[in-house]
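Report on the structure given below.
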Amino acid sequence: MKHIGFLSFGHWTDHPSSATRSAADVLAQSIDLAEAAEELGADGAYFRVHHFARQLASPFPLLAAVGARTRRIEIGTGVIDMRYENPAYMTEDAGAADLIAGGRLQLGISRGSPEQVIEGYRHFDHVPAPGESDADMARRHTARFLELLSGQGFAEPNPRPMFPNPPGLLRLEPHAPGLRERIWWGAGSRATAEWAAAQGMHLMSSTLLTEDTGVPFHELQAEQIRRFRDAWAAAGHAHAPRVSVSRSVFPITDDRDRAYFGLETRSTDQVGMLEGGRARFGKTYAGEVDQVVADLAGDTAVAAADTLLLTVPNQLGVDYNAHVIENVVRHVAPQLGWR
């Protein structure tokens, strides 16, 4: 059985055709879509994090709210930019959200993507150390975050505290047992996937890779997944590795689908430049149900992953996005043996 979830970027714009006209609209509808996805039999609700943009940014209040309103589905991010994060404060927020959700949090983190502003992390009072790049800083923050999630005490208690302390060094609270083993790294290359495996983080791979070898996107991503699994085995971690891939999948079952995505039936991979290097972008899967099934059956990376995240057009509203999720869960997935 393959896990199927949705991934929302949480866009909003003050435009008459948008169902999300404000941040309040996006937040409320994100919760509603998570509830609808759970009712439809989907397995996860994931949210992208972008700062300085009219998109979802601060994930933990939303994750906590979704956790309180759902009972079964996994709840996560795809991904949190660690250049912006205070590891200690993030540990507390993540612990609280996970406990509210009953241990269902699956946190995707990464070095981050191209920003809306120049060196936006500096506005969050995070500055790379001398000789350190912003990517190095993100990994430093990540190392500290993973260390704090372990729950080991490290802080010397006050001999005259306001409240009684347990014996020994103190840890951050609330502690969420098991969350350390539910952290994913958003890897944009084969090398970063191998690094993530060495750290004991699961692999979260999207529809973009920051390298191009000339082969189709899904084949390059499948190679990334193989390298990740090999590196995980070599590291000897006790917990089992997981891999998610993101895809834009739109089975055309009615006139709405045809109007929105009929032209995407001719979608192909794209190659472009990103941050000074070649990058390969995956195509959109749109078409009649049988065609989408056939296309996904030929996607070697989807076959290799245990989790598929459906990128949803959140500005089209909860009802339409629930319709897209239902089409995949009830009409596409069974034909591929995922249900």
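Here, A, B, ... name the chains of the structure tokens in the order displayed, residue numbers run from 1 inside each chain, and ligands are numbered from 1 in the same displayed order.
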
| message | Considering only strand (DSSP E) as DSSP defines it on the backbone, what residues of segment 101-336 of chain A qualify? List them as number ranges by chain. | response | A: 105-110, 183-186, 202-205, 208-209, 243-251, 270-274, 277-281, 284-287, 307-311

Can you list every residue of segment 47-141 of chain A that has an atom at most 10 Å from segment 198-201 of chain A, with its nearest atom pair and the distance in Å to one decimal, using only C-alpha atoms, ordered by chain then number, as a Markdown table?
| residue | atom | partner | partner_atom | distance |
| --- | --- | --- | --- | --- |
| A:Leu107 | CA | A:Met201 | CA | 9.9 |
| A:Gly108 | CA | A:Met201 | CA | 9.2 |
| A:Ile109 | CA | A:Met201 | CA | 9.5 |

| task | Using backbone DSSP assignments, extract all alpha helix (DSSP H) residues from segment 114-339 of chain A; output them as an MDAnalysis selection string. | result | chainID A and resid 134:149 190:199 217:235 255:261 289:297 300:304 318:327

| request: Write out as a list in words which residues come within 12 Å of Asn86 of chain A when counting only C-alpha atoms, dropping same-chain ones fewer than 2 positions away. | output: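 In the requested form, the answer reads Ile80, Asp81, Met82, Arg83, Tyr84, Ala88, Tyr89, Met90, Thr91, Glu92, Asp93, Ala94, Tyr121, Phe124, Asp125, His126, Val127, Met137, Ala138, Arg140, His141, Thr142, Ala143, Arg144, Phe145 and Leu148 of chain A.
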
Take the selection from the previous step and output its residues with N, CA, C and O atoms, as a short mmCIF file (atom, residue, chain, number, x, y, z; two decimals), in the first residue's frame.
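Listing of result31.cif after writing:
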data_model
loop_
_atom_site.label_atom_id
_atom_site.label_comp_id
_atom_site.auth_asym_id
_atom_site.auth_seq_id
_atom_site.Cartn_x
_atom_site.Cartn_y
_atom_site.Cartn_z
N ILE A 80 10.31 22.91 5.73
CA ILE A 80 10.67 24.08 6.53
C ILE A 80 12.11 24.46 6.20
O ILE A 80 13.01 23.62 6.23
N ASP A 81 12.33 25.72 5.91
CA ASP A 81 13.67 26.24 5.58
C ASP A 81 14.44 26.44 6.88
O ASP A 81 14.16 27.35 7.65
N MET A 82 15.46 25.60 7.10
CA MET A 82 16.19 25.63 8.37
C MET A 82 17.12 26.83 8.50
O MET A 82 17.65 27.07 9.59
N ARG A 83 17.31 27.61 7.45
CA ARG A 83 18.10 28.84 7.59
C ARG A 83 17.40 29.84 8.50
O ARG A 83 18.05 30.70 9.11
N TYR A 84 16.08 29.74 8.59
CA TYR A 84 15.27 30.70 9.34
C TYR A 84 14.96 30.27 10.77
O TYR A 84 14.37 31.04 11.52
N ALA A 88 16.03 25.50 19.13
CA ALA A 88 15.43 25.23 20.43
C ALA A 88 13.93 25.56 20.43
O ALA A 88 13.10 24.76 20.89
N TYR A 89 13.59 26.72 19.91
CA TYR A 89 12.18 27.11 19.87
C TYR A 89 11.40 26.16 18.97
O TYR A 89 10.26 25.77 19.26
N MET A 90 12.03 25.75 17.86
CA MET A 90 11.38 24.82 16.94
C MET A 90 11.14 23.47 17.61
O MET A 90 10.11 22.82 17.37
N THR A 91 12.05 23.04 18.46
CA THR A 91 11.88 21.77 19.17
C THR A 91 10.64 21.82 20.07
O THR A 91 9.86 20.87 20.13
N GLU A 92 10.45 22.94 20.76
CA GLU A 92 9.27 23.07 21.62
C GLU A 92 7.99 23.10 20.79
O GLU A 92 7.00 22.42 21.12
N ASP A 93 7.97 23.89 19.72
CA ASP A 93 6.78 23.98 18.87
C ASP A 93 6.44 22.63 18.25
O ASP A 93 5.28 22.22 18.23
N ALA A 94 7.46 21.95 17.74
CA ALA A 94 7.23 20.65 17.10
C ALA A 94 6.74 19.63 18.11
O ALA A 94 5.84 18.82 17.82
N TYR A 121 16.86 35.22 5.76
CA TYR A 121 17.15 34.67 7.08
C TYR A 121 17.82 35.70 7.99
O TYR A 121 17.73 35.61 9.22
N PHE A 124 15.54 37.37 10.25
CA PHE A 124 15.16 36.53 11.39
C PHE A 124 16.32 36.43 12.38
O PHE A 124 16.31 35.58 13.27
N ASP A 125 17.33 37.28 12.19
CA ASP A 125 18.51 37.34 13.07
C ASP A 125 19.35 36.08 13.03
O ASP A 125 19.97 35.69 14.03
N HIS A 126 19.40 35.45 11.85
CA HIS A 126 20.30 34.31 11.65
C HIS A 126 21.34 34.70 10.61
O HIS A 126 21.00 35.08 9.48
N VAL A 127 22.60 34.60 10.98
CA VAL A 127 23.71 35.01 10.13
C VAL A 127 24.72 33.88 10.07
O VAL A 127 25.12 33.35 11.12
N MET A 137 24.87 26.89 7.41
CA MET A 137 24.11 27.34 8.58
C MET A 137 22.84 26.50 8.75
O MET A 137 22.49 26.11 9.88
N ALA A 138 22.16 26.22 7.65
CA ALA A 138 20.94 25.40 7.72
C ALA A 138 21.25 24.01 8.27
O ALA A 138 20.51 23.48 9.11
N ARG A 140 23.79 23.27 10.22
CA ARG A 140 24.14 23.45 11.63
C ARG A 140 22.87 23.54 12.48
O ARG A 140 22.77 22.91 13.54
N HIS A 141 21.91 24.33 12.03
CA HIS A 141 20.63 24.41 12.74
C HIS A 141 19.96 23.03 12.80
O HIS A 141 19.36 22.66 13.83
N THR A 142 20.05 22.29 11.70
CA THR A 142 19.44 20.97 11.65
C THR A 142 20.09 20.03 12.65
O THR A 142 19.40 19.28 13.36
N ALA A 143 21.41 20.03 12.71
CA ALA A 143 22.12 19.16 13.65
C ALA A 143 21.68 19.44 15.08
O ALA A 143 21.46 18.51 15.89
N ARG A 144 21.56 20.70 15.43
CA ARG A 144 21.14 21.06 16.78
C ARG A 144 19.69 20.64 17.03
O ARG A 144 19.35 20.14 18.11
N PHE A 145 18.83 20.84 16.05
CA PHE A 145 17.43 20.45 16.16
C PHE A 145 17.31 18.94 16.40
O PHE A 145 16.59 18.49 17.30
N LEU A 148 18.41 18.10 19.95
CA LEU A 148 17.44 18.47 20.96
C LEU A 148 16.22 17.55 20.95
O LEU A 148 15.63 17.28 22.00
#

| task | Tell me, in Å to one decimal, how far atom CA of Gly5 of chain A is from atom CA of Thr213 of chain A. | result |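 That distance, rounded to one decimal, is 29.0 Å.
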
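Proximity to Pro16 of chain A was assessed for A:His123, A:Leu316, A:Ala297, A:Arg69 counting only C-alpha atoms; the smallest distance is recorded for A:Leu316.
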